[in-house]
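To keep things clear, I will list the structure first and then write my remarks on it.
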Amino acid sequence: MSVSKEDVLAKLKSVKGPDLEGNIVDLGLVSEIFIADAKVYFSLTVPAARAQELEPLREAAERAAKTIAGVKGAMVALTASREPGAAPATPPRPQPPRAAHAHSQGAQGQPGQPQGRAKADVPGISTIIAVASGKGGVGKSTTAVNLALGLQATGLKVGVLDADIYGPSMPRLLGISGRPEQLEGRMLKPMENYGLKVMSMGFMVEEDTPMIWRGPMVMSALNQMLREVAWGELDVLVVDMPPGTGDAQLTMAQNVPLAGAVIVSTPQDLALIDARKGINMFNKVNVPVLGIVENMSYFICPDCGGRHDIFGHGGARDEATRIGVPFLGEVPLAMPIRETSDAGRPVVATAADGPHAKVYLEIAARVRARLEELSGDGARVMPEIVFE
């Protein structure tokens, strides 16, 4: 049976508003509702200062939408409202470009500042980049795996380190199962699929096993997955960072010889607030931000072909311009991306000629160009670029 917007609004009236007053529909919190392929999309506009405490409100609205007869799925996002005249947070000061190969000499402090701890290189790996987000749920891991495949398509030897200890997703995204083979000593042989070498905590534990570890245990595990794996010769290692900007993320950024970081955000103000935190974190440890990717940027209706900006549009591009970092591209909110990711068949590997893969391939080309720009002569990223 077909589902109408009126059906969705009627159901959402059962969801109490903030402070349990009224309901989210009558309070005017619900954005335009879009329905395609029996899936429902909308956002809730809430005060930016209350975003974190109102996450349960978003979850309640999403659950309510999913209970409607005929609905196969729902995606709900929080977006922020600002007071009239309110300005966004002061942007972080862009750091001067640093050579991509400088990490081999350790993190050098700026003049007049203490010198940071040296970051040891990983044998055989020329360049390490991070894919990060200020919060979870923005499609960071999907972006990371398709970026890695896109870099591979330019002629590079690429590996992926799944550094999200608490929620490893690379085994599912790349359709890999089994345990890594132990080689001589403590070294592990990385898993492999689609030509990518991969290491993840997801290969060590069952998918539904909770990881109840404190910070030092997490850092020890990450260090082992980085330095006690027989990566061989890689041009680029893509690190799928844990979401957020806590101690584990900061320690990782301080100790891994990162040549740069890609920040993933969604268009709405709340996600951009968290993205700024991620950018600030990398600036503090002198890691260049390679650029920002806007994920779930727009939706193309599979029925009418029309474009819909369900969660807003262009916020990440504007933010990149405002703080002076490159804007790498817009990834649409597209069911094929989610479905192929869940099936372990990422679009860049399995539908390279399609429109969604093209977006990731263009982002990968910009990331590679940015790395070579930062390195000065491109010596760290070889061989010559070949991209069609």
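Residue numbering restarts at 1 in every chain; chains get A, B, ... in the order shown in the structure tokens, and ligands count up from 1 in that same order.
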_For Lys157 in chain A: contacts at 9 Å, only C-alpha atoms, fewer than 5 positions along chain excluded, given as number ranges by chain_ = A: 151-152, 195-197, 233-237, 382
Atoms kept (N, CA and C atoms) for selection, written as a PDB file, in the first residue's frame:
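The file below, again.pdb, is the result:
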```pdb
ATOM      1  N   LEU A 151      41.020   6.110  -4.749  1.00  0.00           N
ATOM      2  CA  LEU A 151      42.462   6.334  -4.825  1.00  0.00           C
ATOM      3  C   LEU A 151      43.147   5.178  -5.545  1.00  0.00           C
ATOM      4  N   GLN A 152      42.665   3.977  -5.290  1.00  0.00           N
ATOM      5  CA  GLN A 152      43.207   2.802  -5.981  1.00  0.00           C
ATOM      6  C   GLN A 152      42.984   2.921  -7.491  1.00  0.00           C
ATOM      7  N   GLY A 195      41.163  -5.639  -4.045  1.00  0.00           N
ATOM      8  CA  GLY A 195      42.504  -5.111  -4.191  1.00  0.00           C
ATOM      9  C   GLY A 195      42.986  -4.274  -3.027  1.00  0.00           C
ATOM     10  N   LEU A 196      42.151  -4.078  -2.000  1.00  0.00           N
ATOM     11  CA  LEU A 196      42.527  -3.305  -0.821  1.00  0.00           C
ATOM     12  C   LEU A 196      43.016  -4.233   0.286  1.00  0.00           C
ATOM     13  N   LYS A 197      44.102  -3.868   0.959  1.00  0.00           N
ATOM     14  CA  LYS A 197      44.529  -4.561   2.162  1.00  0.00           C
ATOM     15  C   LYS A 197      43.823  -3.917   3.349  1.00  0.00           C
ATOM     16  N   GLU A 233      54.142  -2.930   0.685  1.00  0.00           N
ATOM     17  CA  GLU A 233      54.372  -1.593   0.141  1.00  0.00           C
ATOM     18  C   GLU A 233      53.031  -0.960  -0.240  1.00  0.00           C
ATOM     19  N   LEU A 234      52.693   0.137   0.423  1.00  0.00           N
ATOM     20  CA  LEU A 234      51.458   0.862   0.129  1.00  0.00           C
ATOM     21  C   LEU A 234      51.777   2.317  -0.189  1.00  0.00           C
ATOM     22  N   ASP A 235      51.101   2.852  -1.189  1.00  0.00           N
ATOM     23  CA  ASP A 235      51.214   4.287  -1.456  1.00  0.00           C
ATOM     24  C   ASP A 235      50.401   5.086  -0.446  1.00  0.00           C
ATOM     25  N   VAL A 236      49.215   4.569  -0.111  1.00  0.00           N
ATOM     26  CA  VAL A 236      48.327   5.285   0.814  1.00  0.00           C
ATOM     27  C   VAL A 236      47.644   4.286   1.742  1.00  0.00           C
ATOM     28  N   LEU A 237      47.604   4.618   3.028  1.00  0.00           N
ATOM     29  CA  LEU A 237      46.781   3.895   3.987  1.00  0.00           C
ATOM     30  C   LEU A 237      45.687   4.851   4.441  1.00  0.00           C
ATOM     31  N   MET A 382      53.006   8.051  -5.419  1.00  0.00           N
ATOM     32  CA  MET A 382      53.426   7.573  -6.722  1.00  0.00           C
ATOM     33  C   MET A 382      52.515   6.431  -7.135  1.00  0.00           C
TER      34      MET A 382
END
```
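Nearest residue to Val76 in chain A, choosing from A:Met296, A:Thr143, A:Ala10, A:Asn283 and counting only C-alpha atoms: A:Met296.
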*Suppose you want the space between CA of Met187 in chain A and CA of Pro257 in chain A; what is it in Å?*
20.0 Å
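Between CA of Val238 in chain A and CA of Val160 in chain A the separation is 4.8 Å.
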*asked:* One decimal, in Å: what's the spacing between CA of Thr127 in chain A and CA of Pro288 in chain A?
replied: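 Interatomic distance, CA of Thr127 in chain A to CA of Pro288 in chain A: 12.9 Å.
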*Looking only at the backbone, which of the residues in range 235-290 of chain A does DSSP tag as strand (DSSP E or B), as a ChimeraX atom specification?*
/A:235-240,260-265,289-290
*Ile337 in chain A: which residues within 8 Å, counting only C-alpha atoms, same-chain residues fewer than 5 positions away excluded, as a list of chain:residue names?*
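So, after excluding close chain neighbours, the residues are A:Pro346, A:Val347, A:His356.
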Could you write out the selected residues, including N, CA and C atoms, as a compact mmCIF listing (two decimals), in the first residue's frame?
```txt
# COMPACT_ATOMS: atom_id res chain seq x y z
N PRO A 346 30.78 -2.15 -2.35
CA PRO A 346 30.81 -0.69 -2.51
C PRO A 346 30.74 -0.27 -3.97
N VAL A 347 30.07 0.86 -4.18
CA VAL A 347 29.74 1.27 -5.56
C VAL A 347 30.98 1.50 -6.42
N HIS A 356 26.96 7.37 -8.98
CA HIS A 356 27.38 7.49 -7.58
C HIS A 356 28.88 7.23 -7.44
```
*asked:* Restricting the calculation to only C-alpha atoms: of A:Val122, A:Ala74, A:Ile263, A:Ala36, which residue gets closest to Pro243 in chain A?
replied: A:Ile263
Quick one: everything within 9 Å of Leu147 in chain A, counting only C-alpha atoms, minus sequence neighbours fewer than 5 positions away in the same chain. Send it as an mmCIF file with N, CA and C atoms, in the first residue's frame.
```cif
data_model
loop_
_atom_site.group_PDB
_atom_site.id
_atom_site.type_symbol
_atom_site.label_atom_id
_atom_site.label_comp_id
_atom_site.auth_asym_id
_atom_site.auth_seq_id
_atom_site.Cartn_x
_atom_site.Cartn_y
_atom_site.Cartn_z
ATOM 1 N N THR A 142 31.455 4.631 5.016
ATOM 2 C CA THR A 142 31.129 4.416 3.610
ATOM 3 C C THR A 142 31.970 5.326 2.725
ATOM 4 N N GLN A 152 42.665 3.977 -5.290
ATOM 5 C CA GLN A 152 43.207 2.802 -5.981
ATOM 6 C C GLN A 152 42.984 2.921 -7.491
ATOM 7 N N VAL A 238 44.425 4.462 4.213
ATOM 8 C CA VAL A 238 43.276 5.265 4.641
ATOM 9 C C VAL A 238 42.839 4.769 6.014
ATOM 10 N N VAL A 348 32.062 2.001 -5.850
ATOM 11 C CA VAL A 348 33.249 2.270 -6.671
ATOM 12 C C VAL A 348 33.844 0.968 -7.193
ATOM 13 N N TYR A 360 32.510 9.678 -5.981
ATOM 14 C CA TYR A 360 33.634 9.264 -5.139
ATOM 15 C C TYR A 360 34.960 9.322 -5.894
ATOM 16 N N LEU A 361 34.948 8.952 -7.169
ATOM 17 C CA LEU A 361 36.166 8.995 -7.966
ATOM 18 C C LEU A 361 36.684 10.421 -8.109
ATOM 19 N N ILE A 363 36.116 12.837 -5.919
ATOM 20 C CA ILE A 363 36.629 13.207 -4.599
ATOM 21 C C ILE A 363 38.029 12.639 -4.401
ATOM 22 N N ALA A 364 38.226 11.378 -4.794
ATOM 23 C CA ALA A 364 39.539 10.742 -4.650
ATOM 24 C C ALA A 364 40.597 11.481 -5.463
ATOM 25 N N VAL A 367 41.519 14.551 -3.555
ATOM 26 C CA VAL A 367 42.341 14.233 -2.389
ATOM 27 C C VAL A 367 43.776 13.963 -2.815
#
```
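Closest approach to Asp121 in chain A among A:Ile165, A:Met199, A:Leu258, A:Val40 is made by A:Leu258 (distances from only C-alpha atoms).
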*Shell around Ala64 in chain A at 12 Å using only C-alpha atoms, local window under 5 positions removed, as a count of residues only*: 21
*Name the residues in contact with Val325 in chain A at a cut-off of 9 Å, using only C-alpha atoms, excluding same-chain residues fewer than 2 positions from it; report them as a PyMOL selection string.*
chain A and resi 94+289-292+319-323+327
_All alpha helix (DSSP H) residues (DSSP, backbone) inside range 150-231 of chain A, as a list of chain:residue names_ =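 So, restricting range 150-231 of chain A to alpha helix (DSSP H), we get A:Gly150, A:Leu151, A:Gln152, A:Ala153, A:Met170, A:Pro171, A:Arg172, A:Leu173, A:Gly215, A:Pro216, A:Met217, A:Val218, A:Met219, A:Ser220, A:Ala221, A:Leu222, A:Asn223, A:Gln224, A:Met225, A:Leu226, A:Arg227.
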